[in-house]
file data.cif (mmCIF, C-alpha atoms)
data_entry
#
loop_
_atom_site.label_atom_id
_atom_site.label_comp_id
_atom_site.auth_asym_id
_atom_site.auth_seq_id
_atom_site.Cartn_x
_atom_site.Cartn_y
_atom_site.Cartn_z
CA MET A 1 -54.11 84.79 53.92
CA GLN A 2 -51.92 86.18 56.69
CA ALA A 3 -48.49 87.66 56.00
CA THR A 4 -46.10 88.24 58.86
CA THR A 5 -42.38 88.86 59.02
CA GLY A 6 -40.66 86.01 57.24
CA LYS A 7 -43.72 83.88 56.45
CA THR A 8 -47.12 83.82 54.76
CA VAL A 9 -49.98 81.60 55.93
CA ILE A 10 -52.82 80.47 53.68
CA GLY A 11 -55.83 78.90 55.36
CA HIS A 12 -58.86 79.93 57.35
CA SER A 13 -59.18 83.67 57.85
CA LEU A 14 -60.18 85.24 61.16
CA ALA A 15 -63.72 85.68 59.77
CA ASP A 16 -63.90 81.96 58.97
CA LYS A 17 -62.82 81.04 62.50
CA VAL A 18 -65.39 83.42 64.00
CA LEU A 19 -68.07 81.82 61.83
CA LEU A 20 -67.07 78.26 62.71
CA TYR A 21 -66.55 78.85 66.42
CA GLY A 22 -69.42 81.33 66.70
CA ALA A 23 -72.22 80.36 64.33
CA LEU A 24 -72.00 76.58 64.74
CA PRO A 25 -72.08 76.60 68.58
CA LEU A 26 -74.89 79.20 68.49
CA ALA A 27 -76.89 77.03 66.12
CA GLY A 28 -76.27 74.06 68.41
CA VAL A 29 -77.50 76.01 71.45
CA VAL A 30 -80.70 77.10 69.66
CA LEU A 31 -81.32 73.59 68.35
CA GLY A 32 -80.73 72.10 71.79
CA PHE A 33 -83.12 74.55 73.47
CA PHE A 34 -85.94 73.82 71.05
CA LEU A 35 -85.27 70.07 70.87
CA PRO A 36 -88.56 69.02 72.58
CA ARG A 37 -90.59 71.27 70.27
CA ILE A 38 -88.77 69.99 67.20
CA ALA A 39 -89.34 66.41 68.38
CA ASP A 40 -93.04 67.15 68.88
CA TRP A 41 -93.27 68.50 65.32
CA LEU A 42 -91.46 65.47 63.90
CA ALA A 43 -93.69 63.11 65.90
CA GLY A 44 -96.67 64.56 64.03
CA LEU A 45 -95.18 63.61 60.65
CA ARG A 46 -96.15 59.99 60.22
CA TRP A 47 -93.73 59.41 57.35
CA VAL A 48 -90.76 60.19 59.64
CA PRO A 49 -89.16 56.97 60.99
CA ARG A 50 -88.55 56.26 64.70
CA GLN A 51 -91.79 57.97 65.73
CA ARG A 52 -91.66 56.52 69.27
CA MET A 53 -88.29 58.16 69.94
CA PHE A 54 -89.60 61.61 68.93
CA GLU A 55 -92.76 61.13 70.97
CA VAL A 56 -90.66 60.43 74.07
CA LEU A 57 -88.40 63.44 73.42
CA ALA A 58 -91.45 65.65 73.00
CA THR A 59 -92.57 64.83 76.56
CA TRP A 60 -89.27 66.09 77.97
CA ASP A 61 -90.39 69.71 77.88
CA ALA A 62 -88.72 70.81 81.11
CA LEU A 63 -86.10 73.39 82.06
CA TRP A 64 -83.36 70.82 82.67
CA VAL A 65 -83.97 69.34 79.23
CA GLY A 66 -83.54 72.74 77.60
CA LEU A 67 -80.37 73.46 79.55
CA GLY A 68 -78.99 70.00 78.80
CA GLY A 69 -79.84 70.34 75.13
CA MET A 70 -78.18 73.76 74.97
CA THR A 71 -75.02 72.38 76.58
CA VAL A 72 -74.87 69.43 74.21
CA GLY A 73 -75.56 71.73 71.26
CA LEU A 74 -72.80 74.11 72.33
CA LEU A 75 -70.24 71.32 72.68
CA GLY A 76 -71.38 69.74 69.43
CA GLY A 77 -71.02 73.04 67.58
CA LEU A 78 -67.51 73.55 68.95
CA PHE A 79 -66.61 69.98 67.98
CA LEU A 80 -67.88 70.43 64.41
CA GLY A 81 -66.00 73.73 64.14
CA ALA A 82 -62.78 72.06 65.24
CA ILE A 83 -63.28 69.26 62.70
CA ALA A 84 -63.89 71.79 59.91
CA LEU A 85 -60.71 73.67 60.77
CA ASP A 86 -58.68 70.46 61.02
CA ASP A 87 -59.95 69.33 57.61
CA THR A 88 -58.87 72.57 55.94
CA LEU A 89 -55.43 72.84 54.38
CA LYS A 90 -53.08 75.30 56.06
CA VAL A 91 -50.05 76.36 54.00
CA THR A 92 -47.12 78.14 55.65
CA ILE A 93 -44.66 79.62 53.16
CA THR A 94 -41.22 80.98 54.06
CA ASP A 95 -38.05 81.70 52.10
CA GLU A 96 -36.71 78.32 53.24
CA SER A 97 -39.68 75.91 52.91
CA VAL A 98 -43.37 75.26 52.31
CA GLU A 99 -45.35 73.46 54.99
CA PHE A 100 -48.72 71.83 54.30
CA LEU A 101 -50.82 70.93 57.35
CA LYS A 102 -54.12 69.01 57.20
CA ASN A 103 -55.76 66.51 59.55
CA GLU A 104 -52.75 66.77 61.88
CA LYS A 105 -50.43 65.58 59.10
CA THR A 106 -47.60 67.82 57.94
CA VAL A 107 -45.70 67.76 54.64
CA THR A 108 -42.65 70.04 54.48
CA VAL A 109 -40.86 70.82 51.20
CA PRO A 110 -37.50 72.66 51.29
CA ARG A 111 -37.29 75.68 49.00
CA HIS A 112 -34.15 74.50 47.22
CA LYS A 113 -35.92 71.40 45.92
CA VAL A 114 -38.76 73.30 44.22
CA ALA A 115 -38.25 73.84 40.49
CA THR A 116 -41.87 74.63 39.56
CA ALA A 117 -44.99 75.60 41.52
CA PHE A 118 -48.50 75.95 40.09
CA LEU A 119 -52.21 75.33 40.58
CA ASP A 120 -53.79 72.26 39.01
CA GLY A 121 -57.48 72.91 39.49
CA LYS A 122 -57.99 73.10 43.26
CA GLU A 123 -54.59 71.59 44.04
CA ILE A 124 -51.27 73.27 44.83
CA VAL A 125 -48.49 71.32 43.12
CA LEU A 126 -44.72 71.53 43.62
CA LEU A 127 -42.26 69.79 41.26
CA ASP A 128 -38.52 69.23 41.45
CA SER A 129 -36.03 69.53 38.58
CA THR A 130 -36.80 65.97 37.39
CA THR A 131 -40.57 66.78 37.20
CA ARG A 132 -41.24 64.55 40.23
CA GLU A 133 -44.05 65.82 42.44
CA LEU A 134 -42.87 67.03 45.82
CA ALA A 135 -46.40 67.89 46.94
CA ARG A 136 -49.96 67.91 45.62
CA GLU A 137 -52.42 69.32 48.14
CA LYS A 138 -56.03 70.45 47.68
CA HIS A 139 -56.62 74.01 48.94
CA ASP A 140 -59.87 75.41 50.34
CA GLN A 141 -59.66 79.02 49.20
CA LEU A 142 -62.73 80.74 47.79
CA LYS A 143 -62.63 81.63 44.10
CA SER A 144 -62.22 85.30 45.00
CA GLU A 145 -59.19 84.44 47.18
CA VAL A 146 -57.33 82.03 44.88
CA HIS A 147 -55.18 84.81 43.38
CA LYS A 148 -53.49 85.19 46.76
CA ILE A 149 -51.84 81.76 46.43
CA PRO A 150 -49.45 82.66 43.56
CA GLN A 151 -48.84 86.02 45.23
CA ALA A 152 -47.69 84.27 48.40
CA PHE A 153 -45.32 81.91 46.60
CA ARG A 154 -43.82 84.69 44.50
CA ARG A 155 -43.36 86.85 47.60
CA HIS A 156 -40.96 84.23 48.91
CA GLY A 157 -39.14 83.68 45.63
CA TYR A 158 -40.67 80.42 44.42
CA PRO A 159 -40.72 79.71 40.65
CA TRP A 160 -44.47 80.02 40.09
CA THR A 161 -46.18 79.50 36.72
CA ASP A 162 -49.68 80.78 35.94
CA ASN A 163 -50.14 78.35 33.04
CA GLY A 164 -50.92 75.30 35.14
CA ASP A 165 -49.09 72.01 34.84
CA PRO A 166 -46.29 72.37 32.26
CA HIS A 167 -46.40 68.57 31.80
CA GLU A 168 -50.16 68.19 31.45
CA ASP A 169 -49.89 66.84 27.89
CA ARG A 170 -47.73 63.94 29.09
CA PHE A 171 -50.40 62.43 31.34
CA ARG A 172 -52.19 59.33 30.10
CA ARG A 173 -55.19 57.60 31.60
CA TRP A 174 -54.20 54.40 33.38
CA VAL A 175 -55.79 51.14 32.26
CA GLU A 176 -55.19 47.79 33.89
CA ASP A 177 -51.97 46.14 32.72
CA GLU A 178 -50.86 49.29 30.91
CA PRO A 179 -48.20 47.99 28.47
CA GLU A 180 -45.96 51.05 28.82
CA LEU A 181 -45.64 50.65 32.59
CA PRO A 182 -43.52 48.04 34.39
CA PRO A 183 -45.38 45.30 36.30
CA GLY A 184 -44.55 46.87 39.66
CA ALA A 185 -46.13 50.22 38.76
CA ASN A 186 -49.20 48.50 37.30
CA ALA A 187 -49.61 46.47 40.49
CA VAL A 188 -49.50 49.57 42.70
CA LEU A 189 -51.95 51.46 40.48
CA LYS A 190 -54.29 48.47 40.45
CA ALA A 191 -54.25 48.37 44.25
CA ARG A 192 -54.67 52.13 44.35
CA ALA A 193 -57.77 52.04 42.14
CA LYS A 194 -59.59 50.16 44.90
CA GLY A 195 -59.22 53.10 47.29
CA PHE A 196 -61.61 55.50 45.56
CA ASP A 197 -64.71 54.08 47.24
CA ASP A 198 -63.26 53.40 50.69
CA GLY A 199 -63.95 56.74 52.38
CA ASP A 200 -61.29 58.26 54.65
CA LYS A 201 -59.29 55.03 54.75
CA GLY A 202 -59.26 55.06 50.96
CA LYS A 203 -57.95 58.62 50.89
CA ALA A 204 -55.03 57.61 53.09
CA ASP A 205 -54.29 54.64 50.84
CA LEU A 206 -54.47 56.81 47.72
CA ARG A 207 -51.87 59.18 49.13
CA GLU A 208 -49.59 56.41 50.38
CA LEU A 209 -49.72 54.46 47.13
CA ARG A 210 -49.19 57.63 45.10
CA ASP A 211 -45.89 58.01 46.94
CA GLU A 212 -45.04 54.41 46.08
CA VAL A 213 -45.66 55.11 42.39
CA ALA A 214 -43.36 58.14 42.64
CA LYS A 215 -40.58 55.94 44.01
CA LEU A 216 -40.91 53.81 40.87
CA GLY A 217 -40.35 56.88 38.70
CA TYR A 218 -43.89 57.93 37.83
CA THR A 219 -46.35 60.66 38.77
CA VAL A 220 -50.04 59.85 39.19
CA LYS A 221 -52.97 62.21 39.67
CA ASP A 222 -56.70 61.62 39.98
CA LYS A 223 -59.72 63.04 38.19
CA ASP A 224 -63.28 61.77 38.59
CA LYS A 225 -62.03 58.59 40.28
CA LYS A 226 -59.73 57.83 37.36
CA GLN A 227 -55.91 57.68 37.48
CA TYR A 228 -53.61 59.48 35.09
CA TRP A 229 -49.86 58.85 34.94
CA ARG A 230 -46.65 60.17 33.40
CA PRO A 231 -42.95 59.39 33.80
CA ASN A 232 -40.85 61.52 36.19
CA THR A 233 -38.29 62.52 33.60
CA PRO A 234 -37.60 65.85 31.94
CA ARG A 235 -38.22 66.07 28.20
#
call {"tool": "encode", "arguments": {"input": "data.cif", "output": "structure tokens"}}
result
Amino acid sequence: MQATTGKTVIGHSLADKVLLYGALPLAGVVLGFFLPRIADWLAGLRWVPRQRMFEVLATWDALWVGLGGMTVGLLGGLFLGAIALDDTLKVTITDESVEFLKNEKTVTVPRHKVATAFLDGKEIVLLDSTTRELAREKHDQLKSEVHKIPQAFRRHGYPWTDNGDPHEDRFRRWVEDEPELPPGANAVLKARAKGFDDGDKGKADLRELRDEVAKLGYTVKDKDKKQYWRPNTPR
């Protein structure tokens, strides 16, 4: 966590960035340099598939191969480091708003709309005065660093609760054609249920359809590939 004048940033620390942009490229360089030797070792293991490919790589034991492998390993390590950073949630908190940035997508929530803020497992959740979710984003902080999240929100005057979701007891597991939900909400949740096994595309659909459910007056959250819902109304 980094605190500067007027804002607090939660995300990768300087040590994390050094590790990602230092250790990964270094590992790539070492792996690239020893590629012919590794290929030769793998070619001797008859249970390893694609033996012919490894046998060919093992014969490329020349200086240019080592240099080429080191270059590819370096670039590959930098690329993986960039992906890891991009896939990590960055939260910027000020007295005026909270900004969530992940995978080049930004969600900004104005301070005046936030009535409650809390952690729900590994997710940071913001609610408005009608209990509607303004944001639900999974953080990447280590267990030893999690306590810094409520500290950051309180530092900027947000109404933080340490007791988790104050509406947890109102959530019910969704079943197809749930009788207490209108047909439109059931249809969206049914479509949403198909997104759990669709990889990255499914994640995008889950988020988009969650917003559609919110427009219909309901909050939905996921646990173990199951959907739980509650109405967006105060008690």
call {"tool": "residues_around", "arguments": {"input": "data.cif", "residues": "Arg111 of chain A", "least_positions_apart": "5", "cutoff": "8 Å", "atoms": "only C-alpha atoms", "output": "PyMOL selection string"}}
result
chain A and resi 95-98+158
call {"tool": "atom_distance", "arguments": {"input": "data.cif", "atom1": "atom CA of His112 of chain A", "atom2": "atom CA of Lys138 of chain A"}}
result
22.3 Å
call {"tool": "residues_around", "arguments": {"input": "data.cif", "residues": "Trp160 of chain A", "least_positions_apart": "2", "cutoff": "12 Å", "atoms": "only C-alpha atoms", "output": "ChimeraX atom specification"}}
result
/A:114-119,124-127,149-158,162-166
call {"tool": "resolve_selection", "arguments": {"input": "data.cif", "expression": "the PyMOL selection byres ((chain A and resi 190) around 12)", "output": "VMD selection string"}}
result
chain A and resid 174 to 178 181 183 to 189 191 to 196 206 209 to 210 213 226 to 227
call {"tool": "closest_residue", "arguments": {"input": "data.cif", "among": "A:Gly11, A:Lys225, A:Ser144, A:Lys102", "to": "Gly202 of chain A", "atoms": "all atoms listed in the file"}}
result
A:Lys225
call {"tool": "decode", "arguments": {"input": "data.cif", "residues": "segment 101-134 of chain A", "atoms": "N, CA, C and O atoms", "output": "compact mmCIF listing (two decimals), in the first residue's frame"}}
result
# COMPACT_ATOMS: atom_id res chain seq x y z
N LEU A 101 -8.86 -0.65 -10.76
CA LEU A 101 -8.26 -0.87 -12.08
C LEU A 101 -7.75 -2.30 -12.16
O LEU A 101 -6.96 -2.74 -11.33
N LYS A 102 -8.22 -3.03 -13.20
CA LYS A 102 -7.75 -4.40 -13.43
C LYS A 102 -7.98 -4.74 -14.89
O LYS A 102 -9.04 -4.46 -15.44
N ASN A 103 -6.96 -5.37 -15.50
CA ASN A 103 -7.04 -5.75 -16.91
C ASN A 103 -7.46 -4.58 -17.80
O ASN A 103 -8.30 -4.73 -18.70
N GLU A 104 -6.92 -3.41 -17.51
CA GLU A 104 -7.15 -2.19 -18.28
C GLU A 104 -8.60 -1.72 -18.23
O GLU A 104 -9.03 -0.93 -19.06
N LYS A 105 -9.36 -2.21 -17.25
CA LYS A 105 -10.73 -1.77 -17.07
C LYS A 105 -10.85 -1.04 -15.73
O LYS A 105 -10.36 -1.52 -14.72
N THR A 106 -11.47 0.11 -15.76
CA THR A 106 -11.56 0.96 -14.57
C THR A 106 -13.00 1.11 -14.13
O THR A 106 -13.89 1.35 -14.94
N VAL A 107 -13.22 0.96 -12.82
CA VAL A 107 -14.52 1.23 -12.21
C VAL A 107 -14.30 2.32 -11.16
O VAL A 107 -13.48 2.17 -10.26
N THR A 108 -15.01 3.43 -11.31
CA THR A 108 -14.86 4.55 -10.38
C THR A 108 -16.17 4.77 -9.63
O THR A 108 -17.24 4.86 -10.24
N VAL A 109 -16.07 4.84 -8.29
CA VAL A 109 -17.25 5.03 -7.45
C VAL A 109 -17.08 6.34 -6.67
O VAL A 109 -16.13 6.47 -5.89
N PRO A 110 -17.96 7.32 -6.85
CA PRO A 110 -17.88 8.57 -6.10
C PRO A 110 -18.09 8.33 -4.61
O PRO A 110 -18.91 7.49 -4.21
N ARG A 111 -17.39 9.08 -3.79
CA ARG A 111 -17.47 8.93 -2.34
C ARG A 111 -18.88 9.14 -1.82
O ARG A 111 -19.35 8.40 -0.94
N HIS A 112 -19.61 10.10 -2.35
CA HIS A 112 -20.91 10.44 -1.80
C HIS A 112 -21.95 9.33 -2.00
O HIS A 112 -23.00 9.34 -1.34
N LYS A 113 -21.67 8.39 -2.89
CA LYS A 113 -22.61 7.30 -3.12
C LYS A 113 -22.40 6.12 -2.16
O LYS A 113 -23.27 5.25 -2.04
N VAL A 114 -21.25 6.08 -1.50
CA VAL A 114 -20.91 4.92 -0.67
C VAL A 114 -21.52 5.05 0.72
O VAL A 114 -21.20 5.97 1.47
N ALA A 115 -22.41 4.09 1.05
CA ALA A 115 -23.02 4.06 2.38
C ALA A 115 -22.36 3.03 3.29
O ALA A 115 -22.36 3.18 4.52
N THR A 116 -21.79 1.98 2.70
CA THR A 116 -21.13 0.93 3.46
C THR A 116 -19.99 0.34 2.64
O THR A 116 -20.13 0.12 1.44
N ALA A 117 -18.86 0.07 3.30
CA ALA A 117 -17.72 -0.58 2.65
C ALA A 117 -17.24 -1.70 3.57
O ALA A 117 -17.19 -1.53 4.79
N PHE A 118 -16.88 -2.84 2.97
CA PHE A 118 -16.45 -3.98 3.79
C PHE A 118 -15.75 -5.01 2.92
O PHE A 118 -15.75 -4.91 1.68
N LEU A 119 -15.16 -6.00 3.57
CA LEU A 119 -14.55 -7.13 2.88
C LEU A 119 -15.49 -8.33 2.97
O LEU A 119 -15.99 -8.66 4.05
N ASP A 120 -15.73 -8.97 1.83
CA ASP A 120 -16.50 -10.20 1.78
C ASP A 120 -15.56 -11.27 1.26
O ASP A 120 -15.40 -11.45 0.05
N GLY A 121 -14.89 -11.96 2.18
CA GLY A 121 -13.84 -12.89 1.77
C GLY A 121 -12.68 -12.13 1.17
O GLY A 121 -12.09 -11.25 1.81
N LYS A 122 -12.36 -12.41 -0.09
CA LYS A 122 -11.26 -11.74 -0.79
C LYS A 122 -11.75 -10.57 -1.64
O LYS A 122 -10.99 -10.03 -2.44
N GLU A 123 -12.99 -10.17 -1.45
CA GLU A 123 -13.56 -9.11 -2.29
C GLU A 123 -13.84 -7.84 -1.49
O GLU A 123 -14.32 -7.89 -0.36
N ILE A 124 -13.51 -6.70 -2.11
CA ILE A 124 -13.86 -5.39 -1.56
C ILE A 124 -15.24 -5.02 -2.10
O ILE A 124 -15.45 -5.04 -3.32
N VAL A 125 -16.16 -4.71 -1.21
CA VAL A 125 -17.54 -4.43 -1.62
C VAL A 125 -17.95 -3.05 -1.14
O VAL A 125 -17.70 -2.69 0.02
N LEU A 126 -18.59 -2.29 -2.02
CA LEU A 126 -19.14 -0.98 -1.70
C LEU A 126 -20.63 -1.00 -1.97
O LEU A 126 -21.07 -1.45 -3.04
N LEU A 127 -21.45 -0.53 -1.00
CA LEU A 127 -22.89 -0.48 -1.16
C LEU A 127 -23.38 0.95 -1.06
O LEU A 127 -22.77 1.78 -0.38
N ASP A 128 -24.52 1.23 -1.72
CA ASP A 128 -25.14 2.54 -1.56
C ASP A 128 -26.22 2.46 -0.48
O ASP A 128 -26.39 1.43 0.19
N SER A 129 -26.97 3.53 -0.32
CA SER A 129 -27.95 3.61 0.77
C SER A 129 -29.14 2.67 0.56
O SER A 129 -29.90 2.41 1.50
N THR A 130 -29.32 2.15 -0.66
CA THR A 130 -30.41 1.20 -0.92
C THR A 130 -29.94 -0.25 -0.84
O THR A 130 -30.69 -1.15 -1.18
N THR A 131 -28.69 -0.45 -0.43
CA THR A 131 -28.01 -1.76 -0.33
C THR A 131 -27.56 -2.29 -1.69
O THR A 131 -27.06 -3.41 -1.79
N ARG A 132 -27.73 -1.50 -2.77
CA ARG A 132 -27.25 -1.93 -4.08
C ARG A 132 -25.73 -1.90 -4.11
O ARG A 132 -25.10 -0.99 -3.56
N GLU A 133 -25.13 -2.91 -4.75
CA GLU A 133 -23.68 -2.96 -4.85
C GLU A 133 -23.18 -1.96 -5.88
O GLU A 133 -23.60 -1.98 -7.03
N LEU A 134 -22.27 -1.11 -5.45
CA LEU A 134 -21.61 -0.17 -6.36
C LEU A 134 -20.36 -0.80 -6.95
O LEU A 134 -19.94 -0.45 -8.07
